[in-house]
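J.: Have a look at this one before I ask anything.
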Amino acid sequence: MKKFHRAVTIVAASTLLLAAAACSGDSDDAPAGTDDVSTTAPADGSTGSGELTELTVWAWEPTLTAVVEQFEKDNPDISINLENAGGAADTYTKLDNAIAAGSGAPDIAQIEYYAVAQYAIPGRLADLTEFGAADLADTYTPGTWNSVTLANSGKIYGLPVDSGPMALFYNKATFDQAGVTAPPTTWDEFYEAAKAIRALGDNYYITSDNGDAGMATSMMWLAGATPFQIGDNTVTIDLGQEGVLTFAEFWQKLISEDLINTQISGWSDDWFRALGDGTLASLVTGAWMPANLIGSSPDASGDFRVAAAPVPVAGQKANAENGGSSIAMLASSEKQEAAYRFLEYVSAGDGIQIRVDGGNFPATTADLNNPDFLAYTDEYFGGQAYNEVLAQAAADVLPGWSYLPFQVYANSIFGDKVGPVYEGNGTLADAYASWQTDLVAYGNENGFNVNQ
Amino acid sequence: MSNVTLRPALTRPASAETATKRKNPLSRKSLILTIVTAIFAIYALMPLVWLLINATKTQHDYVSTFGFAFGHSFALFDNIADTFAYRDGIFARWFLNTIMYVVIGAGGATLLAILGGYGLAKFRFPGRKAVMAVIMGAIAVPSTALTVPLFLLFSKIGITNTPLAVILPCLVTPFGFYLMWVFADQAVPTELLEAARVDGCREFGIFFRISLPLLAPGIVTVALFAIVATWNNYFLPLIMLTSEKWKPLTTGLNDIKLQTYSPAGGQEPLQNVILTGSLLTIIPLVIAFLILQRYWQAGLAAGSVKE
Amino acid sequence: MSSLAVAPSAASPGPSGVPASERPPKNRIRRDWRGWMFVGPFVVFFFIAFIAPLIYAIILSFFQPQMVWGVSQGEQFVGFANYVKLFQDPNFWSGLVRVSLFLLIQVPIMLGISTFLALAIDSGRLYGASFFRVSVFLPYAIPAVVATLMWGFLYGNQYGIMASVNEAFGTSVNLFSARLVLVSIGNIVTWEFIGYNMLIFYSALKTIPVSLYEAARIDGANEWQVVRAIKLPAIRGALMVALIFSIIGSFQLFNEPNVLQQMSGNTITTYYTPNFYAFHLAFEANNPNYSAALAIVMGLVTVAIAYVVQLRGSKGMG
C-alpha cells in the first residue's frame, strides 16, 4: 500500500510541474489582503486602494448576466466571474466534487430551494445572519424565506432569487371543448375534468407526468404533509403520512384510469408541442412557467389561462413552492464581505428589477404587490392579469415544509422507484414506501440519525 | 483446387491501389444489392437530413411544423447569427477551445502513439514485455469510471477547471498506440533500419528520415481516431470543467440544451440555437472525413488484419 | 471446399495476437535502452492519465469515509467490504445483465450489417459504391450528444417519426417505454458504429491481392464461393478486433443512456448500466469509494471476457 501511495505522489508531483509551467489559475489567485480591502471599501467604490476583489459565482440563471453587468458598474471594486457550470444538476455535482477535493469551490453559488439543506446542514454554506440578513426577513414571501432559513432554524443560508408558487396553467380552448367551463378548484373536480378531456380523443390528456420528484414533493407539500423533518440530531422521514398518501391515492387513480399522459416526458420537444396544440390541456406547476410557454409552445397563444392550483378539500387555502432558487455564499469563501454585497444586490437590491424584466417570478413581497406587476399581461394569456393569481398563490404557500439534507440524492432515485408505476406496474404508495426504505438506509450511512 | 499461400510485399502496407486493379470488368452491377445498400445509407443519413432541415427553421417553426418539412421561412443564416451571438459569442469561444483541444490533445496523442508504437515494434529494450502487457490491458478498463479518481487526483494538484485537465488524459490513446505498433511492425522493415545504422545514422535521424514517411498512412489513421475522440469528448470535460470559457462544443451545447429543457434552466427557449450549434459542431469533422477517409482506410487495413 | 490458405499480411499472426516480430527474431532487433527514447514519453503520460487513477481507484475501493451528519470524519480501511456489498447489490447485477443482453443482441446485429455492407461495397456490383461508403461512415463523426438529440426527436411517438409509423400501422409503440428503451439505445449505438466497423472490414478486404481472385476464377469459383473462401477468412482478424472493441464499448455504455434519459423520463434508471451506476454512485450518491470498487470489477470482467473471446477466436482460426 505504501508503494501505491508513493507512486501516486510521484505522479502528482510530476503533473504539478507541468501544471505550473502550462498555466496558472486565474480565479483564486487574488493577492493576499484583498479581503481587507473589500471589507473596508465603501459600497460605491469611490475610494480604496483600487485593488479589485474577484468573486467567482456559479449560476445558470440567464438573467444574472445582466445583473452582473450592472453590479460591476455600481461596484467598481468588485469583479464578478460568472460561470455556468452546466445547469442545476451539474452545478451540484461540481460543488460536491470541489468540496470533496477541498479546492475549486466558488465564492457564491445558485442553489435551488430543495437543495439548500443538502449544503447548509453539513456546514458548507455561510450563515448570513452576521451580515445583517435577518433585517431582510420581511422582504420575502414566507415560502421562500422558510426555504433559505430551513424552516426558521435560526440561521440564514442564502437569499431568495426567484420563486415558484404553484398554479394551474390551463388551455381554456381545450377545457371549453370538453365542456369544462370553470377551472377545477379541488382534486375531485380535477379528476372529473380529466375524464371530460380524455373523452375528447386519442391524445387528449389533462396533464402529463412520468414521475417527476419535484412535482410529487410539491403536491405532498400542498396536501399538508411534512414527510421530511430536520431536528437537532435527527432526521425524520415519514412517507406514510396522511397527506402523502392522499396525494398518492389521487394521482394513482389518474394513472390507473389513463387520465394523464405518462408517455410524454416533461420538457421534451414533444411536450412543448403537445402544450402548443392543446392536446396537453394543463399543468400544475411553478409561477415561472409563463415565459416557457410563450417561448416554446407559441401555437397555444391566446388559449392559456392561469388559476389557483386545485386543493384536496374544497374551500382550503393551500399551496406549495415548486422549483425556484436561492443564491448562497460558501463557508469556504475568503471574500465574504464582498460576496454578501453581491448577494444582497441580486436578491434584494437593484438586481430584482433586472431579473423580473427578464422573466423571473419575484420572491419579494413588494414586487409581488407592485401594481404594474399585478396589471401585467400577455396576449398569450388572452389579456388575463395572471400575475394577480400568481401573487395570491405565493401568499397561500403552507409553512412548515422542509426537504432532506440529501434531497438531491433522494430526487435522483425517485424515478427508479416510481418509474414502473407509470408503466402500469405497482402502486405509488408502494413505490413511496420503497423510496422511504432506501432514503433511511442512505441517511444512516451518511451519519444522519434517521427516525421513521 | 489449388493451394495458394499469399504474402504481399513486406514493405507495402495494405494500400488502396490493390482495390482498383482487381475490379472485375465482367461483374455486372446489381440493382437489388444497390437498393438494399441504399436502405442502410438512408438509415445513416436520415437523422442528419432532419438536423439540416431543422437548422433552417425559426424557433417558432421548429416547435410547430413537421420535422421533415421546411418551415415557413428559411432562417439558417439568422440561426447561425443567433448561435454566434448567444451569450456574447461564447459559441465561438467553445469552437476555438475544441480546436485547441484537438490540436494539442489529439496532436500530442498522435505523436506519442507514433513514437511509442514505433519504439515497441522496432526495439528490444528492458521492460518491453511489461509495457506491452499493461497497455493492452488498459484498453479494456472503462475509462469513464477512472474519471472520478482522476478528477480527485487532479483537484489535489489544482488543475481541474483548466485546459490541462482535459488535455492530459487526451494525450494517451492506448488504441492508437496499439495501431501504430502493429503498423510500424509491418511497414518499417528492420533491414532498412539496420542498414541505416551501419551507415552511422542516429536513431532519431533514422526515425524522421526513413521511418516517418513509411508510417504516413498509419499516422493519418491514428490522428483521425484521436481527432474524432477529442472533438466528440463529452464526459471528461463535463466532469473536469466548470468555467464556460474552457468548455468544448459538446458540453457547451449540452448547457444550452439544459437552458431550454429543464425547469431550473431559466426561461430561454433556444431550440434553434441548439440545432444550429449541433450542425456547426459536426460540419468540420464531416469535412475532415470526406477529405481524409481514403488515407484513413489505408492505414486501418494494416491494423485490422492483425489477429 | 477448398484449401486456400490465406495469410493476408506480412505480419502473419502469432497465436496470441501479437505481430510477427514477437516470434524469435530472424533479424537482429536491437536489445538496448534506446527504445525507451521512443516509448518513454507515452509511458510517462500513460502513467499520469491511466495508471495513477487506476491505482488511486484501487486504494479508494478499500476505504470508506466515516460520515457524521453529512460530513466525512476521515477514511477508514474496510478491506473488501465494498466488493462484498457490490456482489450483493441487485442494482449492479441488473445493470450487468442488461449490458450483457445488449452485447449478445446489438453487437452481432451491428457487426453483421457492417460485414454485409463491406462485402457489398467491395463487390464492385453497386452503383455509386463510394457514395455509399462515405454516407454509411458519416455517423461516426457525430458526437453522441448530437446523435442522441436527433434520434430522440425521431423516436417521439407523438410528433416524431415514430408517430407517423404508429399512425400508418395503427400501432402504439413507445420507444421510450421500459421494454423498448434498450432497443432505442441499441439503435443509436448501431447507427453510430456501423460505418466505422464497415470501414475496418472493407479495409481488410482491400488487402486481398488480385492474384488470389484470379486463382479463384481459374478454379471456376462463383461469387458466393469467393466470399466464403477468400473474403470472409480475410476479414476474420478484423472481425475479432471489432468484436473485442464492441464488447468493451458495450460494457462501458454511458453517453447514449445519459443523454436519452433527459428525453425518456424514468425508464432509464440510475443503475441502467454498470458505468451509469458508477457515475450515479460517485456524483449523485457521493460515494466514490463504492463507485471505485464497481469500476475495478467492471474492468476485470471486461478484460476477462475480451481475453476469452480472443483466445477462442485465435483457436478457431486453426
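Please note that chains go A, B, ... in the order of the C-alpha cells, that every chain numbers its residues from 1, and that ligands are numbered from 1 in the order shown.
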So that I can check the surroundings of segment 194-198 of chain A, please list as a compact mmCIF listing (two decimals) with N, CA and C atoms, in the first residue's frame every protein, DNA and RNA residue that reaches within 7 Å of it, counting only C-alpha atoms and ignoring chain neighbours fewer than 3 positions away.

T.:
```
# COMPACT_ATOMS: atom_id res chain seq x y z
N PHE A 175 -60.35 23.05 -22.56
CA PHE A 175 -61.30 22.88 -21.45
C PHE A 175 -62.73 23.16 -21.92
N ALA A 178 -64.16 20.46 -23.99
CA ALA A 178 -64.56 19.30 -23.21
C ALA A 178 -65.74 19.61 -22.30
N PHE A 190 -60.73 18.20 -10.48
CA PHE A 190 -59.63 17.95 -11.43
C PHE A 190 -59.82 16.58 -12.07
N TYR A 191 -60.20 15.61 -11.25
CA TYR A 191 -60.43 14.25 -11.74
C TYR A 191 -61.58 14.21 -12.75
N GLY A 201 -60.58 12.45 -27.13
CA GLY A 201 -59.96 11.63 -28.16
C GLY A 201 -58.60 11.10 -27.76
N TYR A 204 -55.72 13.37 -26.16
CA TYR A 204 -56.09 14.43 -25.22
C TYR A 204 -55.94 13.99 -23.77
N TYR A 205 -55.17 14.75 -23.05
CA TYR A 205 -54.97 14.47 -21.62
C TYR A 205 -55.01 15.79 -20.87
N ILE A 206 -55.44 15.73 -19.61
CA ILE A 206 -55.49 16.97 -18.83
C ILE A 206 -54.08 17.42 -18.49
N LEU A 259 -55.78 8.75 -17.30
CA LEU A 259 -56.29 10.11 -17.43
C LEU A 259 -55.17 11.14 -17.53
```

J.: Sorted by chain and rising residue number, list the residues of chain B at most 7 Å from chain A (counting only C-alpha atoms), each with its closest atom pair and distance in Å to one decimal, as a tab-separated table.

T.:
```
residue	atom	partner	partner_atom	distance
B:His60	CA	A:Pro298	CA	6.6
B:Val63	CA	A:Arg273	CA	6.0
B:Ser64	CA	A:Arg273	CA	6.6
B:Leu152	CA	A:Ala101	CA	6.0
B:Ser155	CA	A:Ala101	CA	5.8
B:Lys156	CA	A:Ala101	CA	6.5
B:Ile157	CA	A:Leu16	CA	5.9
B:Ile159	CA	A:Ala19	CA	6.6
B:Thr242	CA	A:Ala85	CA	4.5
B:Ser243	CA	A:Glu83	CA	5.3
B:Glu244	CA	A:Glu83	CA	6.0
B:Asp255	CA	A:Gly86	CA	5.0
B:Leu258	CA	A:Gly87	CA	5.9
B:Gln259	CA	A:Gly87	CA	7.0
B:Tyr261	CA	A:Trp267	CA	4.9
B:Ser262	CA	A:Trp267	CA	5.9
B:Ala264	CA	A:Ala88	CA	6.3
B:Gly265	CA	A:Gly87	CA	6.1
B:Gly266	CA	A:Glu61	CA	5.5
B:Gln267	CA	A:Asn292	CA	5.3
B:Pro269	CA	A:Gly295	CA	5.6
```

J.: Neighbouring residues of segment 167-182 of chain B were defined as those with any atom within 6 Å, considering only C-alpha atoms; residues of the same chain fewer than 5 positions away were excluded. Please report them as a ChimeraX atom specification.

T.: /B:105,108-109,113-114,117-118,121,139,222,303 /C:46,49

J.: Which residues, written as a VMD selection string, have at least one atom at most 8 Å from Tyr272 of chain C, with only C-alpha atoms counted and residues fewer than 6 positions away on the same chain left out?

T.: chain C and resid 94 to 95 98 257

J.: Generate a file of the selected residues that holds C-alpha atoms, formatted as a PDB file, in the first residue's frame.

T.:
```pdb
ATOM      1  CA  SER C  94     -29.385  -5.646 -13.076  1.00  0.00           C
ATOM      2  CA  GLY C  95     -27.038  -3.344 -14.974  1.00  0.00           C
ATOM      3  CA  ARG C  98     -28.644  -5.506 -19.185  1.00  0.00           C
ATOM      4  CA  PRO C 257     -28.419   6.444 -21.997  1.00  0.00           C
TER       5      PRO C 257
END
```

J.: Give me, as a VMD selection string, the residues of chain C touching chain A, with the criterion being at most 10 Å (counting only C-alpha atoms).

T.: chain C and resid 44 to 45 47 to 49 51 to 56 58 to 59 65 to 72 152 to 153 156 to 160 174 to 179 261 to 272 280 to 288

J.: If we count only C-alpha atoms and set the cut-off at 12 Å, which residues sit around Val297 of chain C, ignoring sequence neighbours fewer than 3 positions away in its own chain? Please answer as number ranges by chain.

T.: B: 140-142, 145; C: 54, 57-58, 61, 80, 82-84, 86-87, 92-93, 96, 251, 274-275, 278, 290-294, 300-304

J.: Next, write the just-selected residues to a file, as a PDB file, in the first residue's frame, keeping C-alpha atoms as the atom set.

T.:
```pdb
ATOM      1  CA  ALA B 140     -10.345  -2.791 -21.560  1.00  0.00           C
ATOM      2  CA  VAL B 141     -10.582  -0.697 -18.404  1.00  0.00           C
ATOM      3  CA  PRO B 142     -13.618   1.565 -18.522  1.00  0.00           C
ATOM      4  CA  ALA B 145     -15.064   5.033 -14.425  1.00  0.00           C
TER       5      ALA B 145
ATOM      6  CA  LEU C  54      -6.284   3.226 -11.551  1.00  0.00           C
ATOM      7  CA  ALA C  57      -9.261   3.786  -7.577  1.00  0.00           C
ATOM      8  CA  ILE C  58      -7.936   0.537  -6.106  1.00  0.00           C
ATOM      9  CA  SER C  61     -12.161   0.903  -3.069  1.00  0.00           C
ATOM     10  CA  PHE C  80     -13.218  -5.961   0.800  1.00  0.00           C
ATOM     11  CA  ASN C  82     -17.225  -2.523  -0.787  1.00  0.00           C
ATOM     12  CA  TYR C  83     -16.732  -5.553  -3.008  1.00  0.00           C
ATOM     13  CA  VAL C  84     -18.902  -7.770  -0.820  1.00  0.00           C
ATOM     14  CA  LEU C  86     -21.300  -4.845  -4.641  1.00  0.00           C
ATOM     15  CA  PHE C  87     -21.853  -8.541  -5.201  1.00  0.00           C
ATOM     16  CA  PHE C  92     -25.266  -3.808 -10.010  1.00  0.00           C
ATOM     17  CA  TRP C  93     -26.453  -7.186 -11.281  1.00  0.00           C
ATOM     18  CA  LEU C  96     -24.603  -6.132 -15.727  1.00  0.00           C
ATOM     19  CA  PHE C 251     -19.674  -2.751 -21.041  1.00  0.00           C
ATOM     20  CA  PRO C 274     -22.771  -0.508 -14.635  1.00  0.00           C
ATOM     21  CA  ASN C 275     -20.959   2.561 -15.866  1.00  0.00           C
ATOM     22  CA  ALA C 278     -20.713   4.098 -11.191  1.00  0.00           C
ATOM     23  CA  TYR C 290     -18.047   2.211  -3.677  1.00  0.00           C
ATOM     24  CA  SER C 291     -18.021   3.562  -7.216  1.00  0.00           C
ATOM     25  CA  ALA C 292     -14.307   2.733  -7.487  1.00  0.00           C
ATOM     26  CA  ALA C 293     -14.959  -0.858  -6.446  1.00  0.00           C
ATOM     27  CA  LEU C 294     -17.557  -1.118  -9.201  1.00  0.00           C
ATOM     28  CA  LEU C 300     -11.708  -7.089 -14.608  1.00  0.00           C
ATOM     29  CA  VAL C 301     -14.883  -8.522 -16.135  1.00  0.00           C
ATOM     30  CA  THR C 302     -14.199  -6.741 -19.419  1.00  0.00           C
ATOM     31  CA  VAL C 303     -10.576  -7.833 -19.584  1.00  0.00           C
ATOM     32  CA  ALA C 304     -11.585 -11.414 -18.818  1.00  0.00           C
TER      33      ALA C 304
END
```

J.: Can you list, as JSON, numbers by chain, every protein, DNA or RNA residue that comes within 8 Å of Gln384 of chain A when you count only C-alpha atoms, leaving out same-chain residues fewer than 4 positions away?

T.: {"A": [305, 377, 378]}

J.: Here is a test: counting only C-alpha atoms, which residue of C:Glu256, C:Glu75, C:Glu167, C:Asp32 is nearest to Val183 of chain C?

T.: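 Counting only C-alpha atoms, the residue closest to Val183 of chain C is C:Glu256.
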